[in-house]
file query29.tsv (TSV, C-alpha atoms)
chain	number	residue	atom	x	y	z
A	1	MET	CA	85.72	78.42	88.82
A	2	ASP	CA	85.49	77.11	92.36
A	3	ALA	CA	86.59	80.40	93.82
A	4	LEU	CA	83.77	82.27	92.09
A	5	LYS	CA	81.33	79.57	93.21
A	6	SER	CA	82.26	80.31	96.80
A	7	LEU	CA	81.17	83.91	96.17
A	8	THR	CA	77.69	82.76	95.15
A	9	ARG	CA	77.37	80.85	98.42
A	10	MET	CA	78.00	83.95	100.53
A	11	SER	CA	75.27	85.91	102.22
A	12	PHE	CA	74.79	89.62	101.63
A	13	ARG	CA	76.72	90.58	104.76
A	14	GLN	CA	79.62	88.31	103.84
A	15	LEU	CA	79.79	89.86	100.38
A	16	ALA	CA	79.73	93.28	102.01
A	17	GLN	CA	82.66	92.19	104.19
A	18	GLN	CA	84.66	91.00	101.17
A	19	ALA	CA	83.97	94.27	99.30
A	20	LEU	CA	84.97	96.14	102.44
A	21	ASN	CA	88.32	94.31	102.49
A	22	VAL	CA	89.08	95.57	98.98
A	23	CYS	CA	87.97	99.11	99.85
A	24	LEU	CA	90.08	99.12	103.01
A	25	ILE	CA	93.25	98.24	101.11
A	26	VAL	CA	92.66	100.98	98.56
A	27	SER	CA	91.71	103.56	101.18
A	28	SER	CA	94.63	102.63	103.44
A	29	ALA	CA	97.06	103.29	100.61
A	30	LEU	CA	95.26	106.57	99.81
A	31	MET	CA	95.20	107.74	103.42
A	32	ILE	CA	98.87	106.94	103.97
A	33	TRP	CA	99.68	109.00	100.87
A	34	LYS	CA	97.47	111.92	101.96
A	35	GLY	CA	98.78	111.67	105.52
A	36	LEU	CA	102.35	111.85	104.19
A	37	SER	CA	101.51	114.92	102.14
A	38	VAL	CA	99.98	116.63	105.19
A	39	VAL	CA	103.02	115.80	107.35
A	40	THR	CA	105.61	116.88	104.77
A	41	ASN	CA	103.51	119.91	103.80
A	42	SER	CA	103.98	118.99	100.16
A	43	GLU	CA	101.32	118.21	97.57
A	44	SER	CA	103.23	115.25	96.20
A	45	PRO	CA	105.55	113.94	98.91
A	46	ILE	CA	107.11	111.21	96.76
A	47	VAL	CA	108.06	111.66	93.10
A	48	VAL	CA	109.96	109.67	90.50
A	49	VAL	CA	112.81	111.08	88.39
A	50	LEU	CA	111.93	110.74	84.71
A	51	SER	CA	114.88	112.33	82.91
A	52	GLU	CA	118.68	112.31	83.18
A	53	SER	CA	119.00	116.06	83.62
A	54	MET	CA	120.20	115.77	87.22
A	55	GLU	CA	122.89	113.15	86.77
A	56	PRO	CA	125.12	112.18	88.51
A	57	ALA	CA	123.03	113.16	91.53
A	58	PHE	CA	119.75	111.54	90.43
A	59	ALA	CA	119.25	108.93	87.76
A	60	ARG	CA	116.08	108.02	85.88
A	61	GLY	CA	113.96	105.82	88.11
A	62	ASP	CA	115.06	107.23	91.47
A	63	LEU	CA	112.43	107.89	94.12
A	64	LEU	CA	112.61	111.32	95.74
A	65	PHE	CA	111.19	112.32	99.15
A	66	LEU	CA	110.06	115.92	99.34
A	67	THR	CA	109.28	118.36	102.11
A	68	GLN	CA	108.11	121.93	102.01
A	69	PRO	CA	109.75	123.74	104.91
A	70	SER	CA	108.72	127.31	105.52
A	71	ALA	CA	112.33	128.49	105.59
A	72	PRO	CA	113.38	130.53	102.52
A	73	ILE	CA	115.00	128.73	99.62
A	74	THR	CA	118.80	128.94	99.36
A	75	ILE	CA	121.12	128.52	96.39
A	76	GLY	CA	122.04	124.92	95.82
A	77	ASP	CA	118.66	123.56	97.01
A	78	ILE	CA	117.25	120.93	94.70
A	79	CYS	CA	113.65	121.96	94.13
A	80	VAL	CA	110.69	120.30	92.48
A	81	PHE	CA	108.62	122.95	90.78
A	82	LYS	CA	105.56	123.02	88.57
A	83	LEU	CA	105.22	125.43	85.69
A	84	ARG	CA	101.79	126.92	85.06
A	85	GLY	CA	100.08	124.98	82.32
A	86	LYS	CA	102.54	122.09	82.34
A	87	ALA	CA	101.46	118.88	84.03
A	88	VAL	CA	104.85	117.35	84.78
A	89	PRO	CA	106.94	118.88	87.62
A	90	ILE	CA	110.70	119.43	87.12
A	91	VAL	CA	113.50	118.53	89.54
A	92	HIS	CA	116.42	120.95	89.17
A	93	ARG	CA	118.88	122.89	91.30
A	94	VAL	CA	118.52	126.59	92.19
A	95	ILE	CA	121.51	128.50	90.77
A	96	GLU	CA	120.39	132.11	91.09
A	97	LEU	CA	118.28	133.73	93.78
A	98	HIS	CA	117.06	137.32	94.13
A	99	THR	CA	114.97	138.59	97.03
A	100	THR	CA	112.97	141.81	96.73
A	101	LYS	CA	112.33	144.30	99.51
A	102	ASN	CA	109.03	142.62	100.46
A	103	ASN	CA	110.69	139.20	100.67
A	104	THR	CA	109.50	137.78	97.35
A	105	GLN	CA	112.04	135.34	95.98
A	106	TYR	CA	112.88	135.04	92.27
A	107	LEU	CA	114.62	131.79	91.35
A	108	LEU	CA	116.57	130.56	88.34
A	109	THR	CA	117.07	126.82	88.06
A	110	LYS	CA	119.26	124.50	86.00
A	111	GLY	CA	119.64	120.75	85.75
A	112	ASP	CA	123.13	119.58	86.77
A	113	ASN	CA	123.49	117.63	83.57
A	114	ASN	CA	122.09	120.33	81.26
A	115	GLN	CA	124.25	122.78	79.31
A	116	VAL	CA	121.89	125.76	79.70
A	117	ASP	CA	119.65	127.03	82.46
A	118	ASP	CA	115.93	126.36	82.53
A	119	ARG	CA	114.76	129.58	80.84
A	120	GLY	CA	114.16	127.46	77.75
A	121	LEU	CA	111.76	125.30	79.75
A	122	TYR	CA	109.85	128.13	81.41
A	123	ASN	CA	106.68	129.54	79.87
A	124	PRO	CA	107.22	132.06	77.05
A	125	GLY	CA	108.16	135.42	78.57
A	126	GLN	CA	108.86	133.89	81.99
A	127	MET	CA	112.41	134.60	83.22
A	128	TRP	CA	112.12	133.43	86.81
A	129	ILE	CA	110.08	131.16	88.96
A	130	LYS	CA	108.69	132.06	92.33
A	131	LYS	CA	108.33	130.23	95.61
A	132	GLU	CA	104.65	129.46	94.87
A	133	ASP	CA	105.74	127.36	91.89
A	134	VAL	CA	107.90	125.18	94.13
A	135	VAL	CA	106.12	121.98	95.13
A	136	GLY	CA	108.82	120.76	97.49
A	137	ARG	CA	112.49	120.43	98.28
A	138	VAL	CA	114.31	117.11	98.03
A	139	LYS	CA	114.97	115.66	101.47
A	140	GLY	CA	116.11	112.15	100.57
A	141	PHE	CA	116.07	109.58	97.78
A	142	LEU	CA	115.93	105.86	97.03
A	143	PRO	CA	117.68	104.63	93.87
A	144	TYR	CA	115.98	102.43	91.24
A	145	VAL	CA	112.71	101.90	93.17
A	146	GLY	CA	110.83	104.33	90.95
A	147	MET	CA	111.40	102.17	87.85
A	148	VAL	CA	108.18	100.32	88.77
A	149	THR	CA	106.20	103.55	88.45
A	150	ILE	CA	107.85	104.36	85.12
A	151	LEU	CA	106.99	100.89	83.83
A	152	LEU	CA	103.38	101.18	84.99
A	153	ASN	CA	103.07	104.57	83.30
A	154	ASP	CA	104.63	103.41	80.05
A	155	TYR	CA	102.31	100.42	79.88
A	156	PRO	CA	99.02	101.54	81.46
A	157	GLN	CA	97.44	98.15	80.75
A	158	LEU	CA	99.83	96.75	83.37
A	159	LYS	CA	98.22	99.02	85.96
A	160	VAL	CA	94.74	97.75	85.16
A	161	VAL	CA	95.86	94.11	85.15
A	162	LEU	CA	97.66	94.53	88.48
A	163	LEU	CA	94.67	96.20	90.12
A	164	VAL	CA	92.19	93.61	88.80
A	165	VAL	CA	94.37	90.71	89.98
A	166	LEU	CA	94.81	92.26	93.42
A	167	ALA	CA	91.09	93.03	93.76
A	168	LEU	CA	90.07	89.48	92.73
A	169	PHE	CA	92.57	87.98	95.13
A	170	VAL	CA	91.30	89.99	98.10
A	171	LEU	CA	87.65	89.51	97.13
A	172	LEU	CA	87.92	85.73	97.01
A	173	THR	CA	90.07	85.16	100.10
A	174	ARG	CA	88.48	85.15	103.50
A	175	ASP	CA	91.17	85.91	106.00
A	176	GLU	CA	91.23	84.89	109.60
B	1	MET	CA	78.98	65.61	126.02
B	2	SER	CA	75.62	64.35	124.82
B	3	THR	CA	73.37	62.33	127.07
B	4	ILE	CA	73.00	58.73	126.00
B	5	ILE	CA	69.40	57.54	125.90
B	6	PRO	CA	69.12	53.73	125.65
B	7	GLU	CA	67.23	52.88	122.50
B	8	GLN	CA	64.52	50.85	124.21
B	9	GLU	CA	63.28	53.76	126.26
B	10	THR	CA	62.36	56.06	123.41
B	11	GLU	CA	60.08	55.41	120.50
B	12	PRO	CA	62.25	53.85	117.82
B	13	LEU	CA	63.32	56.43	115.26
B	14	LEU	CA	63.25	54.64	111.95
B	15	GLU	CA	64.99	57.46	110.18
B	16	PRO	CA	66.32	60.77	111.47
B	17	ALA	CA	64.12	63.65	110.45
B	18	PRO	CA	65.27	64.92	107.02
B	19	SER	CA	67.51	67.91	107.39
B	20	PRO	CA	66.73	70.91	105.19
B	21	PHE	CA	70.42	71.74	105.29
B	22	CYS	CA	71.37	68.37	103.75
B	23	ALA	CA	68.80	68.95	101.04
B	24	GLU	CA	70.32	72.34	100.29
B	25	VAL	CA	73.85	70.94	100.05
B	26	ALA	CA	72.67	68.06	97.88
B	27	LYS	CA	71.53	70.57	95.28
B	28	SER	CA	75.05	71.95	94.84
B	29	SER	CA	77.71	69.79	96.44
B	30	ILE	CA	80.58	71.51	98.21
B	31	VAL	CA	84.05	70.49	97.09
B	32	LEU	CA	87.11	72.35	98.34
B	33	PRO	CA	90.86	72.02	97.81
B	34	ASN	CA	92.33	70.13	100.71
B	35	ASN	CA	95.33	72.34	101.30
B	36	ASN	CA	93.63	75.59	102.36
B	37	GLY	CA	92.81	75.19	106.05
B	38	SER	CA	91.33	78.66	106.30
B	39	GLU	CA	88.87	78.00	103.48
B	40	LEU	CA	87.89	74.62	105.02
B	41	LYS	CA	87.27	76.28	108.37
B	42	HIS	CA	85.19	79.10	106.90
B	43	THR	CA	83.05	76.67	104.92
B	44	LEU	CA	82.41	74.58	108.04
B	45	ASP	CA	81.46	77.77	109.88
B	46	ASP	CA	79.02	78.61	107.11
B	47	CYS	CA	77.53	75.12	107.31
B	48	VAL	CA	77.07	75.30	111.09
B	49	ARG	CA	75.32	78.63	110.59
B	50	ARG	CA	73.03	77.20	107.90
B	51	ILE	CA	72.21	74.17	110.05
B	52	LEU	CA	71.19	76.35	112.98
B	53	VAL	CA	69.11	78.63	110.77
B	54	LEU	CA	67.55	76.03	108.44
B	55	ASP	CA	67.16	73.00	110.71
B	56	TYR	CA	66.70	74.51	114.13
B	57	LYS	CA	65.00	77.71	112.96
B	58	PHE	CA	67.22	80.08	114.91
B	59	LYS	CA	67.02	83.72	113.93
B	60	GLU	CA	70.53	85.07	113.45
B	61	ILE	CA	71.60	88.11	115.46
B	62	HIS	CA	73.79	90.27	113.24
B	63	THR	CA	74.84	92.88	115.83
B	64	HIS	CA	78.59	92.17	115.81
B	65	THR	CA	78.78	91.93	112.02
B	66	ASP	CA	76.75	95.07	111.52
B	67	ARG	CA	78.87	97.09	113.92
B	68	ARG	CA	82.07	95.90	112.27
B	69	LEU	CA	80.77	96.67	108.78
B	70	LEU	CA	79.56	100.09	109.91
B	71	LEU	CA	82.95	101.05	111.34
B	72	GLY	CA	84.74	99.83	108.22
B	73	TYR	CA	82.49	101.58	105.72
B	74	ALA	CA	82.53	104.78	107.78
B	75	ALA	CA	86.33	104.74	107.56
B	76	CYS	CA	86.11	104.26	103.77
B	77	ALA	CA	83.61	107.13	103.55
B	78	PHE	CA	86.14	109.45	105.19
B	79	ALA	CA	88.81	108.24	102.78
B	80	ALA	CA	86.54	108.82	99.78
B	81	TYR	CA	85.61	112.29	101.00
B	82	ALA	CA	89.27	113.18	101.54
B	83	SER	CA	90.19	112.08	98.00
B	84	ALA	CA	87.31	113.97	96.42
B	85	TYR	CA	87.97	117.10	98.47
B	86	SER	CA	91.70	117.19	97.73
B	87	TYR	CA	90.91	116.72	94.05
B	88	ILE	CA	88.63	119.76	93.98
B	89	VAL	CA	90.41	122.06	96.41
B	90	PRO	CA	94.11	122.47	95.62
B	91	PHE	CA	96.90	122.00	98.11
B	92	PRO	CA	97.59	123.63	100.62
B	93	ASP	CA	94.06	124.92	101.19
B	94	CYS	CA	92.72	121.40	101.59
B	95	LYS	CA	95.17	120.51	104.35
B	96	PRO	CA	92.88	120.98	107.41
B	97	VAL	CA	90.10	118.85	105.92
B	98	LEU	CA	92.65	116.24	104.83
B	99	LEU	CA	94.14	116.11	108.31
B	100	VAL	CA	90.73	115.57	109.91
B	101	CYS	CA	89.82	112.86	107.40
B	102	VAL	CA	93.13	111.00	107.72
B	103	VAL	CA	92.94	111.00	111.53
B	104	ALA	CA	89.28	109.92	111.45
B	105	TYR	CA	90.10	107.16	108.99
B	106	PHE	CA	92.82	105.64	111.14
B	107	ILE	CA	90.75	105.94	114.32
B	108	LEU	CA	87.75	104.18	112.72
B	109	ASN	CA	89.94	101.56	111.08
B	110	GLY	CA	91.69	100.89	114.37
B	111	ALA	CA	88.37	100.72	116.20
B	112	MET	CA	87.07	98.20	113.69
B	113	MET	CA	90.12	95.98	114.10
B	114	LEU	CA	90.02	96.22	117.89
B	115	TYR	CA	86.32	95.36	117.86
B	116	ALA	CA	86.92	92.28	115.71
B	117	THR	CA	89.89	91.13	117.79
B	118	TYR	CA	88.75	91.76	121.35
B	119	ILE	CA	84.97	91.91	121.34
B	120	GLU	CA	83.85	89.65	118.52
B	121	LYS	CA	86.84	87.28	118.87
B	122	ASP	CA	85.98	83.85	117.48
B	123	ILE	CA	82.17	84.08	117.45
B	124	ILE	CA	80.78	82.70	114.22
B	125	PHE	CA	77.08	82.74	115.02
B	126	GLN	CA	74.68	84.29	117.48
B	127	GLY	CA	71.04	83.35	117.32
B	128	VAL	CA	67.81	83.57	119.21
B	129	LYS	CA	64.79	81.30	119.08
B	130	LYS	CA	61.43	82.39	120.31
B	131	ASP	CA	59.21	79.75	121.82
B	132	SER	CA	56.27	79.20	119.46
B	133	LEU	CA	53.84	78.94	122.33
B	134	GLY	CA	55.22	81.98	124.12
B	135	LEU	CA	55.54	80.01	127.35
B	136	GLU	CA	59.28	79.69	127.76
B	137	PRO	CA	61.77	82.56	127.54
B	138	ASP	CA	63.75	82.98	124.30
B	139	LYS	CA	66.64	80.61	123.78
B	140	LYS	CA	69.92	82.28	122.88
B	141	ILE	CA	72.89	80.49	121.38
B	142	THR	CA	76.46	81.69	120.76
B	143	VAL	CA	78.78	79.57	118.64
B	144	ARG	CA	82.55	80.02	118.53
B	145	ALA	CA	84.86	78.17	116.19
B	146	ASN	CA	88.60	77.73	116.43
B	147	TYR	CA	91.10	76.29	114.08
B	148	LYS	CA	94.87	76.14	114.64
B	149	ARG	CA	96.88	77.01	111.57
B	150	PHE	CA	98.64	74.13	109.79
B	151	THR	CA	96.70	71.55	111.81
B	152	PRO	CA	93.47	69.84	110.82
B	153	ASN	CA	91.87	70.47	114.23
B	154	TYR	CA	88.54	72.26	114.32
B	155	THR	CA	86.88	73.08	117.63
B	156	VAL	CA	83.35	74.43	117.92
B	157	THR	CA	82.04	75.77	121.21
B	158	PHE	CA	78.30	76.13	121.78
B	159	GLU	CA	77.15	78.47	124.51
B	160	PHE	CA	73.51	78.42	125.50
B	161	GLY	CA	71.65	80.92	127.53
B	162	ASP	CA	68.12	82.02	128.09
B	163	GLU	CA	67.35	85.61	127.26
B	164	LYS	CA	67.21	86.34	130.96
B	165	ASP	CA	70.41	84.55	131.95
B	166	GLY	CA	72.69	86.32	134.34
B	167	MET	CA	69.87	87.23	136.68
B	168	ALA	CA	69.29	84.81	139.53
B	169	LYS	CA	66.00	83.11	138.72
B	170	GLY	CA	66.09	79.93	140.70
B	171	VAL	CA	67.37	76.84	138.95
B	172	ARG	CA	66.82	78.31	135.51
B	173	GLY	CA	68.78	81.46	136.37
B	174	ARG	CA	72.27	80.14	135.62
B	175	ALA	CA	73.27	79.61	132.03
B	176	PRO	CA	74.39	76.05	131.25
B	177	SER	CA	78.13	75.58	130.75
B	178	PRO	CA	79.41	75.73	127.15
B	179	ILE	CA	79.74	72.51	125.17
B	180	LYS	CA	82.89	71.94	123.12
B	181	LEU	CA	83.03	69.84	119.99
B	182	LYS	CA	86.61	68.84	119.17
B	183	LYS	CA	86.82	67.59	115.62
B	184	THR	CA	89.16	67.49	112.66
B	185	PHE	CA	88.60	68.41	109.03
B	186	GLY	CA	88.92	64.74	108.18
B	187	ASP	CA	85.67	64.11	110.02
B	188	TYR	CA	83.72	66.17	107.48
B	189	TYR	CA	85.71	66.27	104.25
B	190	ASP	CA	86.73	63.23	102.24
B	191	VAL	CA	90.05	62.83	100.47
B	192	GLU	CA	88.80	64.78	97.45
B	193	GLY	CA	87.59	67.64	99.62
B	194	ARG	CA	83.90	66.86	99.31
B	195	LEU	CA	81.83	67.86	102.32
B	196	ALA	CA	79.64	65.21	103.99
B	197	PRO	CA	76.78	67.29	105.37
B	198	SER	CA	75.02	64.49	107.29
B	199	VAL	CA	78.02	63.99	109.57
B	200	LEU	CA	78.06	67.66	110.50
B	201	VAL	CA	74.29	67.65	111.07
B	202	LYS	CA	74.67	64.66	113.39
B	203	ASP	CA	77.44	66.32	115.41
B	204	VAL	CA	75.56	69.59	115.75
B	205	ALA	CA	72.43	67.64	116.71
B	206	SER	CA	74.30	65.81	119.47
B	207	VAL	CA	75.04	69.16	121.09
B	208	VAL	CA	71.87	71.08	120.39
B	209	ASP	CA	69.49	68.20	121.18
B	210	SER	CA	71.09	67.78	124.58
B	211	TYR	CA	69.85	71.26	125.29
B	212	GLY	CA	66.33	70.24	124.46
B	213	LEU	CA	65.89	71.58	120.93
B	214	LYS	CA	64.78	69.49	118.02
B	215	VAL	CA	65.05	69.74	114.28
B	216	GLU	CA	61.85	71.26	112.95
call {"tool": "encode", "arguments": {"input": "query29.tsv", "output": "structure tokens"}}
result
Amino acid sequence: MDALKSLTRMSFRQLAQQALNVCLIVSSALMIWKGLSVVTNSESPIVVVLSESMEPAFARGDLLFLTQPSAPITIGDICVFKLRGKAVPIVHRVIELHTTKNNTQYLLTKGDNNQVDDRGLYNPGQMWIKKEDVVGRVKGFLPYVGMVTILLNDYPQLKVVLLVVLALFVLLTRDE
Amino acid sequence: MSTIIPEQETEPLLEPAPSPFCAEVAKSSIVLPNNNGSELKHTLDDCVRRILVLDYKFKEIHTHTDRRLLLGYAACAFAAYASAYSYIVPFPDCKPVLLVCVVAYFILNGAMMLYATYIEKDIIFQGVKKDSLGLEPDKKITVRANYKRFTPNYTVTFEFGDEKDGMAKGVRGRAPSPIKLKKTFGDYYDVEGRLAPSVLVKDVASVVDSYGLKVE
């Protein structure tokens, strides 16, 4: 291929520059993500809705923007929380809230579209979740955009193909 | 502009001295698609560089490139460290380190882009040639290349200067004015996109020889 031939003609420094271009794209995306998580004070500032348990508010494939304000949680807040031992976080609404004398909050959540509260989803023996389990509160959302992420996760080969194509394209183009 | 020497006054050159660059290109001919102006320009830049290094034995000065690469890779190092650190140390304990790394990344990245845009600009080659006898000061050359998008125009500017230029040293103190070569891609590539190296060698020679350097 002519494009690959042009790679063989490059000097070491030019190859280093092409590799740097690829690295810069990857690290820019990474740093924007990490920067967002620092600014919003949330470990995962953007998440995708995977189930229909929050319809009609959120549908499968919606993109959610999260923040983690230091203010205490109130009833009606839509929280994203992670259960110990489970990898996938859950987006549900807080329906019951109890605060102890030393300001610890005990929360009960339920998906808007579910018939029962989340006690069936919690770990065995767990009746409440605490503020530490909450990863963030929903600040805003974008409909349908998250379908791309769902697709890429359902077909992981697509991810690899996309990355390889992008890397080759950047590696072989010398921009002005 | 090259000086015109009437043929009778110099010893007749039966054949121009063979160019090592032409020999190198002949081994693997360069053919490019005609529609990508950026690729055509970059290949011509590469050829000018090879001509100056192979034919005229300039030693390339890599300062600008090295600085740019250093800034870029330093930025990537910060990004890599941030990713690794946030993978090991859970949120929110890793926040201060992350903040430092993110800020450092964007500062270094910005510095690299500013360096390329405002300091390096359109320089494609910087070289120095030491006099073999050690009598004359080193000859320094800076080559800039410009190409307007969506046009076939390609302009190369050669700037010469002795190592000690800038300091008043009699007649030799002032650096000679830069020489511009205004060409088009059609001068060097044929309709199939094949590069004609001898034409480029001749054009570069017309500029460099006027400064008193010869193909070695």
call {"tool": "residues_around", "arguments": {"input": "query29.tsv", "residues": "Ile32 in chain A", "least_positions_apart": "5", "cutoff": "9 Å", "atoms": "all atoms listed in the file", "output": "list in words"}}
result
Ser27 and Ser37 of chain A; Val102 of chain B
call {"tool": "interface_residues", "arguments": {"input": "query29.tsv", "of": "chain B", "to": "chain A", "cutoff": "7 Å", "atoms": "only C-alpha atoms", "output": "list in words"}}
result
Leu69, Gly72, Tyr73, Cys76, Ala79, Phe91, Lys95, Leu99 and Val102 of chain B
call {"tool": "closest_residue", "arguments": {"input": "query29.tsv", "among": "B:Ile88, B:Phe158, B:Met112, B:Tyr211", "to": "Ile124 in chain B", "atoms": "only C-alpha atoms"}}
result
B:Phe158
call {"tool": "residues_near_point", "arguments": {"input": "query29.tsv", "point": "(83.3, 68.2, 96.7)", "cutoff": "7 Å", "atoms": "all atoms listed in the file", "output": "VMD selection string"}}
result
chain B and resid 29 to 32 192 to 195
call {"tool": "atom_distance", "arguments": {"input": "query29.tsv", "atom1": "CA of Lys129 in chain B", "atom2": "CA of Lys182 in chain B"}}
result
25.1 Å
call {"tool": "atom_distance", "arguments": {"input": "query29.tsv", "atom1": "CA of Leu107 in chain A", "atom2": "CA of Ile95 in chain A"}}
result
7.7 Å
call {"tool": "atom_distance", "arguments": {"input": "query29.tsv", "atom1": "CA of Arg68 in chain B", "atom2": "CA of Pro152 in chain B"}}
result
28.5 Å
call {"tool": "residues_around", "arguments": {"input": "query29.tsv", "residues": "Val134 in chain A", "least_positions_apart": "6", "cutoff": "9 Å", "atoms": "all atoms listed in the file", "output": "PyMOL selection string"}}
result
chain A and resi 68+79-83
call {"tool": "residues_near_point", "arguments": {"input": "query29.tsv", "point": "(110.5, 121.5, 90.0)", "cutoff": "12 Å", "atoms": "all atoms listed in the file", "output": "count of residues only"}}
result
43
call {"tool": "axis_aligned_box", "arguments": {"input": "query29.tsv", "around": "range 69-82 of chain A", "padding_each_side": "3 Å", "output": "lines of an AutoDock Vina configuration file"}}
result
center_x = 113.8
center_y = 125.4
center_z = 97.1
size_x = 22.5
size_y = 16.2
size_z = 23.0
call {"tool": "closest_atom_pairs", "arguments": {"input": "query29.tsv", "of": "range 42-113 of chain B", "to": "range 201-207 of chain B", "cutoff": "9 Å", "atoms": "only C-alpha atoms", "output": "JSON lines"}}
result
{"residue": "B:Cys47", "atom": "CA", "partner": "B:Val201", "partner_atom": "CA", "distance": 9.0}
{"residue": "B:Val48", "atom": "CA", "partner": "B:Val204", "partner_atom": "CA", "distance": 7.5}
{"residue": "B:Ile51", "atom": "CA", "partner": "B:Val201", "partner_atom": "CA", "distance": 6.9}
{"residue": "B:Leu52", "atom": "CA", "partner": "B:Val204", "partner_atom": "CA", "distance": 8.5}
{"residue": "B:Asp55", "atom": "CA", "partner": "B:Val201", "partner_atom": "CA", "distance": 8.9}
